[in-house]
>>> print(open('coords_24.cif').read())   # mmCIF, C-alpha atoms (C1' of nucleotides)
data_final
loop_
_atom_site.group_PDB
_atom_site.id
_atom_site.type_symbol
_atom_site.label_atom_id
_atom_site.label_comp_id
_atom_site.auth_asym_id
_atom_site.auth_seq_id
_atom_site.Cartn_x
_atom_site.Cartn_y
_atom_site.Cartn_z
ATOM 1 C CA MET A 1 -2.284 -22.611 8.843
ATOM 2 C CA PHE A 2 -1.882 -18.828 8.649
ATOM 3 C CA PRO A 3 -5.241 -17.086 8.962
ATOM 4 C CA LYS A 4 -6.007 -14.142 6.740
ATOM 5 C CA LEU A 5 -5.320 -10.751 8.284
ATOM 6 C CA ASP A 6 -8.150 -8.245 7.868
ATOM 7 C CA PRO A 7 -6.572 -5.747 5.472
ATOM 8 C CA LEU A 8 -8.565 -2.934 7.001
ATOM 9 C CA LEU A 9 -6.805 -3.423 10.278
ATOM 10 C CA HIS A 10 -3.455 -4.477 8.906
ATOM 11 C CA SER A 11 -2.409 -0.886 8.400
ATOM 12 C CA GLU A 12 -0.190 0.976 10.791
ATOM 13 C CA LEU A 13 -2.339 4.069 11.171
ATOM 14 C CA ARG A 14 -5.736 2.379 11.138
ATOM 15 C CA LEU A 15 -4.496 -0.116 13.693
ATOM 16 C CA ALA A 16 -3.231 2.686 15.927
ATOM 17 C CA VAL A 17 -6.579 4.459 15.666
ATOM 18 C CA MET A 18 -8.482 1.307 16.519
ATOM 19 C CA SER A 19 -6.070 0.542 19.317
ATOM 20 C CA ILE A 20 -6.876 3.924 20.845
ATOM 21 C CA LEU A 21 -10.602 3.585 20.276
ATOM 22 C CA VAL A 22 -10.936 0.191 21.932
ATOM 23 C CA GLY A 23 -9.619 1.725 25.123
ATOM 24 C CA VAL A 24 -11.761 4.849 25.351
ATOM 25 C CA ASP A 25 -15.385 5.828 25.034
ATOM 26 C CA GLU A 26 -14.668 8.249 22.199
ATOM 27 C CA ALA A 27 -11.859 10.299 20.720
ATOM 28 C CA ASP A 28 -11.828 13.330 18.466
ATOM 29 C CA PHE A 29 -9.807 13.945 15.334
ATOM 30 C CA THR A 30 -7.312 16.229 17.020
ATOM 31 C CA TYR A 31 -6.666 13.776 19.805
ATOM 32 C CA LEU A 32 -6.157 10.909 17.372
ATOM 33 C CA LYS A 33 -3.828 13.060 15.347
ATOM 34 C CA LYS A 34 -1.695 13.887 18.353
ATOM 35 C CA GLN A 35 -1.578 10.358 19.680
ATOM 36 C CA THR A 36 -0.731 8.787 16.351
ATOM 37 C CA GLY A 37 1.504 11.530 14.997
ATOM 38 C CA ALA A 38 -0.256 11.176 11.659
ATOM 39 C CA THR A 39 -0.786 13.956 9.151
ATOM 40 C CA SER A 40 -4.329 15.292 8.901
ATOM 41 C CA GLY A 41 -4.787 14.033 5.389
ATOM 42 C CA ASN A 42 -3.707 10.526 6.173
ATOM 43 C CA LEU A 43 -5.835 10.415 9.295
ATOM 44 C CA SER A 44 -8.858 11.745 7.438
ATOM 45 C CA VAL A 45 -8.583 9.073 4.772
ATOM 46 C CA GLN A 46 -8.067 6.231 7.227
ATOM 47 C CA ILE A 47 -10.984 7.358 9.389
ATOM 48 C CA ASP A 48 -13.160 7.305 6.294
ATOM 49 C CA LYS A 49 -12.131 3.744 5.597
ATOM 50 C CA LEU A 50 -12.873 2.604 9.124
ATOM 51 C CA LEU A 51 -16.208 4.364 8.891
ATOM 52 C CA ALA A 52 -17.040 2.772 5.539
ATOM 53 C CA ALA A 53 -16.242 -0.629 7.040
ATOM 54 C CA GLY A 54 -18.611 0.036 9.904
ATOM 55 C CA TYR A 55 -15.803 -0.287 12.415
ATOM 56 C CA ILE A 56 -16.315 3.199 13.835
ATOM 57 C CA THR A 57 -18.925 5.926 13.908
ATOM 58 C CA VAL A 58 -18.049 9.526 13.165
ATOM 59 C CA GLU A 59 -19.964 12.499 14.491
ATOM 60 C CA LYS A 60 -19.374 16.042 13.388
ATOM 61 C CA GLY A 61 -20.207 18.868 15.737
ATOM 62 C CA PHE A 62 -18.712 22.021 17.156
ATOM 63 C CA LYS A 63 -16.662 22.709 20.222
ATOM 64 C CA GLY A 64 -17.430 26.391 20.641
ATOM 65 C CA LYS A 65 -17.061 27.712 17.123
ATOM 66 C CA MET A 66 -14.533 25.159 16.020
ATOM 67 C CA PRO A 67 -15.475 22.040 14.080
ATOM 68 C CA ARG A 68 -15.021 18.847 15.935
ATOM 69 C CA THR A 69 -15.068 15.267 14.674
ATOM 70 C CA THR A 70 -15.682 12.555 17.214
ATOM 71 C CA CYS A 71 -14.940 8.892 16.584
ATOM 72 C CA LYS A 72 -16.264 5.911 18.433
ATOM 73 C CA ILE A 73 -15.667 2.215 17.894
ATOM 74 C CA THR A 74 -18.676 0.032 17.002
ATOM 75 C CA THR A 75 -19.384 -3.503 18.148
ATOM 76 C CA ALA A 76 -18.372 -4.744 14.725
ATOM 77 C CA GLY A 77 -15.152 -2.793 15.108
ATOM 78 C CA GLN A 78 -14.425 -4.344 18.455
ATOM 79 C CA GLU A 79 -15.049 -7.810 17.092
ATOM 80 C CA ALA A 80 -12.871 -7.167 14.073
ATOM 81 C CA PHE A 81 -10.081 -5.890 16.285
ATOM 82 C CA GLU A 82 -10.261 -8.943 18.510
ATOM 83 C CA GLY A 83 -10.289 -11.210 15.473
ATOM 84 C CA TYR A 84 -7.296 -9.434 14.031
ATOM 85 C CA VAL A 85 -5.329 -9.754 17.263
ATOM 86 C CA LYS A 86 -6.178 -13.420 17.455
ATOM 87 C CA ALA A 87 -5.120 -14.028 13.853
ATOM 88 C CA LEU A 88 -1.939 -12.077 14.312
ATOM 89 C CA LYS A 89 -0.910 -14.230 17.224
ATOM 90 C CA GLU A 90 -0.730 -17.190 14.877
ATOM 91 C CA TYR A 91 2.029 -15.357 13.072
ATOM 92 C CA ILE A 92 4.040 -14.050 15.952
ATOM 93 C CA SER A 93 3.933 -16.780 18.560
ATOM 94 C CA MET B 1 3.486 6.326 21.820
ATOM 95 C CA PHE B 2 3.012 3.981 18.869
ATOM 96 C CA PRO B 3 6.326 2.662 17.627
ATOM 97 C CA LYS B 4 6.918 2.420 13.899
ATOM 98 C CA LEU B 5 6.229 -0.984 12.397
ATOM 99 C CA ASP B 6 8.981 -2.261 10.105
ATOM 100 C CA PRO B 7 7.238 -2.130 6.717
ATOM 101 C CA LEU B 8 9.237 -5.073 5.512
ATOM 102 C CA LEU B 9 7.663 -7.274 8.112
ATOM 103 C CA HIS B 10 4.269 -5.617 8.161
ATOM 104 C CA SER B 11 3.133 -7.625 5.173
ATOM 105 C CA GLU B 12 1.005 -10.706 5.455
ATOM 106 C CA LEU B 13 3.094 -12.976 3.278
ATOM 107 C CA ARG B 14 6.516 -11.761 4.365
ATOM 108 C CA LEU B 15 5.457 -12.070 7.969
ATOM 109 C CA ALA B 16 4.242 -15.622 7.395
ATOM 110 C CA VAL B 17 7.532 -16.523 5.732
ATOM 111 C CA MET B 18 9.544 -15.037 8.576
ATOM 112 C CA SER B 19 7.284 -16.703 11.092
ATOM 113 C CA ILE B 20 8.089 -20.065 9.525
ATOM 114 C CA LEU B 21 11.787 -19.348 9.229
ATOM 115 C CA VAL B 22 12.284 -18.340 12.865
ATOM 116 C CA GLY B 23 11.057 -21.782 13.863
ATOM 117 C CA VAL B 24 13.147 -23.962 11.584
ATOM 118 C CA ASP B 25 16.729 -24.272 10.460
ATOM 119 C CA GLU B 26 15.850 -23.746 6.820
ATOM 120 C CA ALA B 27 12.942 -24.055 4.427
ATOM 121 C CA ASP B 28 12.731 -24.354 0.675
ATOM 122 C CA PHE B 29 10.556 -22.465 -1.761
ATOM 123 C CA THR B 30 8.097 -25.291 -2.243
ATOM 124 C CA TYR B 31 7.624 -25.772 1.465
ATOM 125 C CA LEU B 32 7.069 -22.064 2.034
ATOM 126 C CA LYS B 33 4.600 -22.017 -0.812
ATOM 127 C CA LYS B 34 2.600 -24.876 0.647
ATOM 128 C CA GLN B 35 2.605 -23.548 4.169
ATOM 129 C CA THR B 36 1.631 -20.024 3.209
ATOM 130 C CA GLY B 37 -0.714 -20.858 0.354
ATOM 131 C CA ALA B 38 0.889 -18.079 -1.666
ATOM 132 C CA THR B 39 1.249 -18.043 -5.428
ATOM 133 C CA SER B 40 4.756 -18.659 -6.746
ATOM 134 C CA GLY B 41 5.074 -15.161 -8.132
ATOM 135 C CA ASN B 42 4.114 -13.469 -4.938
ATOM 136 C CA LEU B 43 6.393 -15.693 -2.897
ATOM 137 C CA SER B 44 9.298 -15.117 -5.259
ATOM 138 C CA VAL B 45 8.937 -11.338 -4.995
ATOM 139 C CA GLN B 46 8.607 -11.326 -1.228
ATOM 140 C CA ILE B 47 11.581 -13.627 -0.785
ATOM 141 C CA ASP B 48 13.626 -11.216 -2.872
ATOM 142 C CA LYS B 49 12.643 -8.361 -0.596
ATOM 143 C CA LEU B 50 13.567 -10.240 2.539
ATOM 144 C CA LEU B 51 16.853 -11.162 0.906
ATOM 145 C CA ALA B 52 17.551 -7.569 -0.135
ATOM 146 C CA ALA B 53 16.882 -6.477 3.444
ATOM 147 C CA GLY B 54 19.371 -9.008 4.732
ATOM 148 C CA TYR B 55 16.681 -10.767 6.739
ATOM 149 C CA ILE B 56 17.213 -14.103 5.026
ATOM 150 C CA THR B 57 19.754 -15.897 2.900
ATOM 151 C CA VAL B 58 18.772 -17.732 -0.247
ATOM 152 C CA GLU B 59 20.677 -20.629 -1.695
ATOM 153 C CA LYS B 60 19.985 -22.173 -5.038
ATOM 154 C CA GLY B 61 20.866 -25.760 -5.687
ATOM 155 C CA PHE B 62 19.377 -28.943 -7.037
ATOM 156 C CA LYS B 63 17.493 -31.755 -5.451
ATOM 157 C CA GLY B 64 18.226 -34.486 -7.939
ATOM 158 C CA LYS B 65 17.670 -32.755 -11.240
ATOM 159 C CA MET B 66 15.113 -30.306 -9.917
ATOM 160 C CA PRO B 67 15.996 -26.748 -8.912
ATOM 161 C CA ARG B 68 15.714 -26.036 -5.255
ATOM 162 C CA THR B 69 15.752 -22.710 -3.427
ATOM 163 C CA THR B 70 16.537 -22.814 0.252
ATOM 164 C CA CYS B 71 15.839 -19.948 2.625
ATOM 165 C CA LYS B 72 17.324 -19.351 6.018
ATOM 166 C CA ILE B 73 16.763 -16.540 8.471
ATOM 167 C CA THR B 74 19.762 -14.359 9.378
ATOM 168 C CA THR B 75 20.602 -12.872 12.763
ATOM 169 C CA ALA B 76 19.447 -9.497 11.499
ATOM 170 C CA GLY B 77 16.219 -11.131 10.436
ATOM 171 C CA GLN B 78 15.670 -12.654 13.830
ATOM 172 C CA GLU B 79 16.292 -9.336 15.515
ATOM 173 C CA ALA B 80 13.971 -7.540 13.146
ATOM 174 C CA PHE B 81 11.269 -10.105 13.773
ATOM 175 C CA GLU B 82 11.609 -9.772 17.523
ATOM 176 C CA GLY B 83 11.542 -5.984 17.233
ATOM 177 C CA TYR B 84 8.445 -6.139 15.079
ATOM 178 C CA VAL B 85 6.644 -8.402 17.544
ATOM 179 C CA LYS B 86 7.592 -6.124 20.396
ATOM 180 C CA ALA B 87 6.373 -3.027 18.542
ATOM 181 C CA LEU B 88 3.180 -4.716 17.517
ATOM 182 C CA LYS B 89 2.335 -5.526 21.085
ATOM 183 C CA GLU B 90 2.104 -1.809 21.790
ATOM 184 C CA TYR B 91 -0.773 -1.724 19.351
ATOM 185 C CA ILE B 92 -2.660 -4.804 20.373
ATOM 186 C CA SER B 93 -2.381 -4.959 24.116
ATOM 187 C "C1'" DT C 1 7.448 -36.720 -29.090
ATOM 188 C "C1'" DA C 2 3.633 -34.455 -27.338
ATOM 189 C "C1'" DA C 3 1.490 -33.277 -23.195
ATOM 190 C "C1'" DT C 4 1.764 -32.376 -18.449
ATOM 191 C "C1'" DG C 5 4.134 -31.073 -14.292
ATOM 192 C "C1'" DT C 6 7.731 -28.675 -11.366
ATOM 193 C "C1'" DA C 7 10.122 -24.736 -9.824
ATOM 194 C "C1'" DG C 8 10.499 -20.863 -10.145
ATOM 195 C "C1'" DT C 9 11.033 -15.399 -12.423
ATOM 196 C "C1'" DT C 10 9.425 -11.305 -14.716
ATOM 197 C "C1'" DT C 11 6.141 -8.067 -15.741
ATOM 198 C "C1'" DA C 12 1.745 -5.849 -15.529
ATOM 199 C "C1'" DT C 13 -2.041 -4.299 -12.789
ATOM 200 C "C1'" DA C 14 -4.762 -3.132 -8.976
ATOM 201 C "C1'" DT C 15 -4.738 -1.506 -4.340
ATOM 202 C "C1'" DT C 16 -2.805 1.184 -0.550
ATOM 203 C "C1'" DA C 17 -0.596 4.423 2.043
ATOM 204 C "C1'" DT C 18 0.925 8.907 2.345
ATOM 205 C "C1'" DA C 19 1.840 13.663 1.715
ATOM 206 C "C1'" DA C 20 0.958 17.940 -0.619
ATOM 207 C "C1'" DA C 21 -2.240 21.175 -1.738
ATOM 208 C "C1'" DC C 22 -6.535 23.068 -0.859
ATOM 209 C "C1'" DT C 23 -10.946 24.692 1.772
ATOM 210 C "C1'" DT C 24 -13.463 26.877 5.329
ATOM 211 C "C1'" DG C 25 -13.630 29.263 9.045
ATOM 212 C "C1'" DT C 26 -11.375 31.450 13.541
ATOM 213 C "C1'" DT C 27 -8.260 34.026 16.277
ATOM 214 C "C1'" DT C 28 -4.684 37.429 16.785
ATOM 215 C "C1'" DA C 29 -1.922 41.368 15.592
ATOM 216 C "C1'" DT C 30 -1.599 46.083 13.183
ATOM 217 C "C1'" DA D 1 -11.028 46.873 9.559
ATOM 218 C "C1'" DT D 2 -8.095 43.842 7.490
ATOM 219 C "C1'" DA D 3 -4.084 41.134 6.858
ATOM 220 C "C1'" DA D 4 -1.526 37.302 8.791
ATOM 221 C "C1'" DA D 5 -1.358 33.185 11.185
ATOM 222 C "C1'" DC D 6 -3.802 29.220 13.061
ATOM 223 C "C1'" DA D 7 -7.260 25.221 13.463
ATOM 224 C "C1'" DA D 8 -9.608 21.430 11.677
ATOM 225 C "C1'" DG D 9 -10.245 19.051 8.365
ATOM 226 C "C1'" DT D 10 -10.932 17.283 3.004
ATOM 227 C "C1'" DT D 11 -9.485 16.369 -1.666
ATOM 228 C "C1'" DT D 12 -6.304 15.056 -4.910
ATOM 229 C "C1'" DA D 13 -1.961 13.480 -6.666
ATOM 230 C "C1'" DT D 14 1.935 10.475 -6.183
ATOM 231 C "C1'" DA D 15 4.732 6.860 -4.560
ATOM 232 C "C1'" DA D 16 4.946 2.371 -2.749
ATOM 233 C "C1'" DT D 17 2.983 -2.323 -2.236
ATOM 234 C "C1'" DA D 18 0.860 -6.483 -2.925
ATOM 235 C "C1'" DT D 19 -0.713 -9.676 -6.053
ATOM 236 C "C1'" DA D 20 -1.716 -12.335 -10.018
ATOM 237 C "C1'" DA D 21 -1.008 -13.363 -14.785
ATOM 238 C "C1'" DA D 22 2.071 -14.555 -18.101
ATOM 239 C "C1'" DC D 23 6.316 -16.474 -19.136
ATOM 240 C "C1'" DT D 24 10.873 -19.448 -18.976
ATOM 241 C "C1'" DA D 25 13.417 -23.590 -18.478
ATOM 242 C "C1'" DC D 26 13.672 -27.978 -17.680
ATOM 243 C "C1'" DA D 27 11.768 -32.889 -16.126
ATOM 244 C "C1'" DT D 28 8.632 -36.486 -16.151
ATOM 245 C "C1'" DT D 29 5.005 -39.263 -17.992
ATOM 246 C "C1'" DA D 30 1.792 -41.005 -21.614
#
>>> encode(input="coords_24.cif", output="structure tokens")
Amino acid sequence: MFPKLDPLLHSELRLAVMSILVGVDEADFTYLKKQTGATSGNLSVQIDKLLAAGYITVEKGFKGKMPRTTCKITTAGQEAFEGYVKALKEYIS
Amino acid sequence: MFPKLDPLLHSELRLAVMSILVGVDEADFTYLKKQTGATSGNLSVQIDKLLAAGYITVEKGFKGKMPRTTCKITTAGQEAFEGYVKALKEYIS
DNA sequence: TAATGTAGTTTATATTATAAACTTGTTTAT
DNA sequence: ATAAACAAGTTTATAATATAAACTACATTA
């Protein structure tokens, strides 16, 4: 009756990050931090988890002299997000 | 931008329980266990948390000689559930 | 009356989320 | 030049959570 909710997405911050990433081509660490209001540490950890799951890619470069981390959702990430939304609707509707 | 998700409801099992309870007048422990597929221990703990939050009431009685625990959603619980659904939609739509 | 089943609760453990502290380097003020 | 403040993160420690395993109390069946 109630489908399992992907624990990787059933997390406030990771869900917010994915929610942002599905809507844009890419987003950097600083942008994600501002939009989510998360602390750097928390964001860093959650990005790692999404990366490890293959839901996003992470590229490290420089913007001028400053380090810059850019995140992008993968196809697997998009599918997982859609699946999560679908599952969730069984609970809330 | 992203509203806070009530941590009491942002839990797979508690959400399933609340999801059931919003749709019915009342439900007993055994029914909730069957519908959610949860273990007794987990269900017992999560019911306690919903009770402590004032989201449900719990009545203990007997059905014949067997103990019977009946759960019912409260007004506060209904409101919290609605609020949670509303907040969640900011993330998934 | 011994074994099995029902309806839970309590407690222990494993996982998670989160913040605090730290690192590395840059920019600004003195 | 160098000290102070800032930027962009990472690592580590702690607190909270979810979950299952073990247990209790009683009922039913063999």
>>> interface_residues(input="coords_24.cif", of="chain D", to="chain A", cutoff="8 Å", atoms="all atoms listed in the file", output="PyMOL selection string")
chain D and resi 7-10
>>> resolve_selection(input="coords_24.cif", expression="the PyMOL selection byres ((chain C) within 10 of (chain A))", output="ChimeraX atom specification")
/C:16-20,25-26
>>> resolve_selection(input="coords_24.cif", expression="the PyMOL selection byres ((chain A and resi 85) around 12)", output="number ranges by chain")
A: 3-6, 9-10, 15, 18-19, 78-84, 86-93; B: 88-93
>>> residues_around(input="coords_24.cif", residues="DA21 in chain C", least_positions_apart="6", cutoff="10 Å", atoms="only C-alpha atoms (C1' of nucleotides)", output="list in words")
DT11, DT12 and DA13 of chain D
>>> residues_around(input="coords_24.cif", residues="DT24 in chain D", least_positions_apart="6", cutoff="10 Å", atoms="only C-alpha atoms (C1' of nucleotides)", output="list in words")
DG8, DT9 and DT10 of chain C
>>> resolve_selection(input="coords_24.cif", expression="the PyMOL selection byres ((chain D and resi 4) around 8)", output="list in words")
DA29 of chain C; DA3 and DA5 of chain D
>>> write_last_selection(input="coords_24.cif", atoms="C-alpha atoms (C1' of nucleotides)", output="compact mmCIF listing (two decimals), keeping the file's coordinate frame")
# COMPACT_ATOMS: atom_id res chain seq x y z
C1' DA C 29 -1.92 41.37 15.59
C1' DA D 3 -4.08 41.13 6.86
C1' DA D 5 -1.36 33.18 11.18
>>> residues_around(input="coords_24.cif", residues="DG5 in chain C", least_positions_apart="5", cutoff="10 Å", atoms="all atoms listed in the file", output="list of chain:residue names")
D:DA27, D:DT28, D:DT29
>>> closest_residue(input="coords_24.cif", among="B:Ala53, B:Ala27, B:Ala76, B:Ala16", to="chain A", atoms="all atoms listed in the file")
B:Ala16
>>> atom_distance(input="coords_24.cif", atom1="CA of Asp25 in chain B", atom2="CA of Ile73 in chain B")
8.0 Å
>>> atom_distance(input="coords_24.cif", atom1="CA of Thr70 in chain A", atom2="CA of Glu26 in chain A")
6.7 Å
>>> atom_distance(input="coords_24.cif", atom1="CA of Tyr31 in chain A", atom2="CA of Leu8 in chain B")
28.5 Å
>>> axis_aligned_box(input="coords_24.cif", around="range 3-12 of chain C", padding_each_side="5 Å", output="AutoDock Vina command-line options")
--center_x 6.3 --center_y -19.6 --center_z -16.5 --size_x 19.5 --size_y 37.4 --size_z 23.4
>>> closest_residue(input="coords_24.cif", among="A:Lys34, A:Leu51, A:Val24, A:Thr57", to="chain B", atoms="all atoms listed in the file")
A:Lys34
>>> decode(input="coords_24.cif", residues="range 1-29 of chain D", atoms="C-alpha atoms (C1' of nucleotides)", output="PDB file, in the first residue's frame")
ATOM      1  C1'  DA D   1      54.416  43.813   4.922  1.00  0.00           C
ATOM      2  C1'  DT D   2      51.427  41.764   7.911  1.00  0.00           C
ATOM      3  C1'  DA D   3      47.473  41.253  10.726  1.00  0.00           C
ATOM      4  C1'  DA D   4      42.492  40.902  10.563  1.00  0.00           C
ATOM      5  C1'  DA D   5      38.473  39.619   8.347  1.00  0.00           C
ATOM      6  C1'  DC D   6      36.253  37.019   4.669  1.00  0.00           C
ATOM      7  C1'  DA D   7      35.185  33.081   1.284  1.00  0.00           C
ATOM      8  C1'  DA D   8      34.529  28.441   0.223  1.00  0.00           C
ATOM      9  C1'  DG D   9      34.538  24.571   1.657  1.00  0.00           C
ATOM     10  C1'  DT D  10      35.846  19.864   4.567  1.00  0.00           C
ATOM     11  C1'  DT D  11      36.276  17.057   8.651  1.00  0.00           C
ATOM     12  C1'  DT D  12      34.856  15.572  12.910  1.00  0.00           C
ATOM     13  C1'  DA D  13      31.982  15.296  16.922  1.00  0.00           C
ATOM     14  C1'  DT D  14      27.426  15.203  18.839  1.00  0.00           C
ATOM     15  C1'  DA D  15      22.591  14.916  19.093  1.00  0.00           C
ATOM     16  C1'  DA D  16      18.517  13.050  17.249  1.00  0.00           C
ATOM     17  C1'  DT D  17      16.059   9.342  14.728  1.00  0.00           C
ATOM     18  C1'  DA D  18      14.565   5.207  13.009  1.00  0.00           C
ATOM     19  C1'  DT D  19      14.445   0.497  13.519  1.00  0.00           C
ATOM     20  C1'  DA D  20      14.725  -4.110  15.097  1.00  0.00           C
ATOM     21  C1'  DA D  21      15.532  -7.367  18.706  1.00  0.00           C
ATOM     22  C1'  DA D  22      14.286  -8.856  22.964  1.00  0.00           C
ATOM     23  C1'  DC D  23      10.928  -8.974  26.353  1.00  0.00           C
ATOM     24  C1'  DT D  24       6.151  -8.958  28.965  1.00  0.00           C
ATOM     25  C1'  DA D  25       1.541 -10.386  29.727  1.00  0.00           C
ATOM     26  C1'  DC D  26      -2.071 -12.774  28.625  1.00  0.00           C
ATOM     27  C1'  DA D  27      -5.143 -15.979  25.393  1.00  0.00           C
ATOM     28  C1'  DT D  28      -5.931 -19.765  22.596  1.00  0.00           C
ATOM     29  C1'  DT D  29      -5.113 -24.292  20.839  1.00  0.00           C
TER      30       DT D  29
END
